[in-house]
Number of protein chains: 2
Amino acid sequence: METFHVVPEAQHNALIAAAYRHRGFLADEADEGARFCAEASRHGIRTHNGIKALHLDHLFGSGSKGCVPGAQIEERASKFKAAKIWNANRKLGQSTAYRAMAEAMRLADEFGVGTVSVDNAFHYLWGGGYVMDAAKKGYIAYTNCTAALAEVVPFGGKFPTLGTNPHSWGFPTTDAVGYPIVIDWATSVVAMGRVQQLAREGKNLPPDAAVDENGVPTTDPKKAKFLLPFGAHKGYGLSLINEIVAGFIGGALPTVRNRWSQAEAVGEKGTCCFFFQVIHPDAISGGAFAMGRNQSQNVKAVIADVLGHGNEKCMLPGQLEAGWAKHTAAAGGLLFTAAEIAAFNELATEAGQPLWDAAAFKTVTI
Amino acid sequence: METFHVVPEAQHNALIAAAYRHRGFLADEADEGARFCAEASRHGIRTHNGIKALHLDHLFGSGSKGCVPGAQIEERASKFKAAKIWNANRKLGQSTAYRAMAEAMRLADEFGVGTVSVDNAFHYLWGGGYVMDAAKKGYIAYTNCTAALAEVVPFGGKFPTLGTNPHSWGFPTTDAVGYPIVIDWATSVVAMGRVQQLAREGKNLPPDAAVDENGVPTTDPKKAKFLLPFGAHKGYGLSLINEIVAGFIGGALPTVRNRWSQAEAVGEKGTCCFFFQVIHPDAISGGAFAMGRNQSQNVKAVIADVLGHGNEKCMLPGQLEAGWAKHTAAAGGLLFTAAEIAAFNELATEAGQPLWDAAAFKTVTI
């Protein structure tokens, strides 16, 4: 059980937008950044809430060379009607991603499937948020990106040359199961933040999650220096996909990505790439569902079969996030711990905004 | 080291095609089936060579209700120009898959991206073969399918309600690394055939690969009854993708798929679904590659970075298959063991074809 302060969403969004504007972002960028952080908090994604978003912006974004406030997206001319190619010019990742997914949905409406490939992108934080949003709007959505830093050792290797390279898939299953199924994870067993957390707590890592400085697997988080892909060669392959797709788009060498002094010294790029894809569910429907079911009822029946037969305790991907959204709705605001309220107040101080009075928020225990 | 007989490809293809024709398949289906088996053998995919293909056809295909020789593919009317929807009417899987991938390549040429969704499909054997073929032709290709039988227990469950549900990605990297990178695997840790092989050899399974009849994980292959997804919830999510996509297309409930008496008794379908997607690499190219590189050179540089820095011993997905193709080319024919030659002769007897004289083939040791 943990106690949370209930922060009205408008109040949260006002602070986050002000913090982005204070760092030079345009009003629409700041609003998109705030909207995205609210979605992350609504769904219990504490690793990508407003505090983390602005911390990462400081480390790798507008505080470094990764992100340029006010940057304009340029579309590259292409003869391919269902596939757009954008140069984000290091625009805020959330703004770029929302707009790219909107464009991919428009393409899917027209062609059945659409892709938007983005070069010179800045970290979009939580890929699951964009595919969830598209899935809620009725689309099958996918995105991958190259993660900021190479922290993951290829299967059979010693040195980190891969990002944590996440994949995110969203499915329009709200009618079928009550929420969109969202499959969303990094291709490392754990994140580096988790290694640090376990080190602080004196706990061990799972096996085959990390290696020490010599590339030898270790479960001691204090000795762990680099991460391993999940599922041996299979997770390695999934991580490679992001690097290869980015390589075709225009991506940087993974070991110099976001390491600007190294990249610029040798004439390499330091930016990330995004890939978005949306499919209209009508564009894959054979229309011949058993027992007179419609498409959504068929998906519901398939899921019920998977989770039946003694598997009733299994979770669906996206279920935890949907549960958090219910807690948030019931509480009437976004849920933050006392420590998180204090961190938001650091942002308020930076941006010259009124501090939040923790005592003024109602609390809930979950 | 293992000794192989070198069978001229034309002789192999003639036998396999004759075996398919003997079972009622049309000449073009038989030729496509034979061509596919040759590709599997060329690339060392012994689990899906001609012997296995015709064995599976007997068990689940034309010998059961899964596959109908001479079936005609029907295209469903759709307003979406870049997404085709086919009813395969249980046509031979290899014929369906080759044609679907060819259509997806045509769509990618026109729109940048194209999908072909196939309902009422029969097992296409080795998904990697189709994406490898497309990648050799210059495309980024992907396919997934719902596997014939539910053998895999969802993460946190007890009963097998998922297929081994493979995913296959192919990338046109021949210029960059000498062969197409092909990422291709089932979402179970191991295949059921591997469990049986380990049981015969008295060896243990890896941890978390299988469960006993009560759903309890076991490393004893003799007690193993059902399979587990790789990578815990992550592999489970990947397996779910195939079921959900198939559910949207028109797919059967996984637990009755290919179990015709059960399916038909309750009015359910028993067929599999396929999903194919092709992207033209020009349709994702931002064109702004560092150091004056072109797209292929950029992919080459990214891969070199991943496999550098002490990772020189790492393999790329598709590398083993490319190595087998070199062995095959050097030997001047497809490579089969003595036991495999004997199995081919059983097919020859069934189809009324001349037996192969093992002593007449030259041999190589690899």
# chains A, B, ... in the order shown; residues from 1 in each chain; ligands from 1
>>> residues_around(residues="Pro69 of chain B", least_positions_apart="4", cutoff="12 Å", atoms="only C-alpha atoms", output="number ranges by chain")
B: 20-30, 33, 57, 61-65, 73, 88-96, 122
>>> select_by_dssp(residues="segment 166-363 of chain A", states="strand (DSSP E or B)", output="ChimeraX atom specification")
/A:167-171,181-185,188,210-211,217,226-227,229,272-279,334-336,363
>>> residues_around(residues="segment 321-329 of chain B", least_positions_apart="5", cutoff="12 Å", atoms="only C-alpha atoms", output="ChimeraX atom specification")
/B:4-9,38-46,128-129,132,136,173-174,177-184,315-316,334-336,363-366
>>> closest_residue(among="B:Gly235, B:Gly163, B:Gly66, B:Pro172", to="Ser296 of chain B", atoms="only C-alpha atoms")
B:Pro172
>>> atom_distance(atom1="atom CA of Arg257 of chain A", atom2="atom CA of Ala147 of chain A")
8.7 Å
>>> residues_around(residues="Ile140 of chain A", least_positions_apart="6", cutoff="8 Å", atoms="only C-alpha atoms", output="PyMOL selection string")
chain A and resi 131+134+169-172+278-281
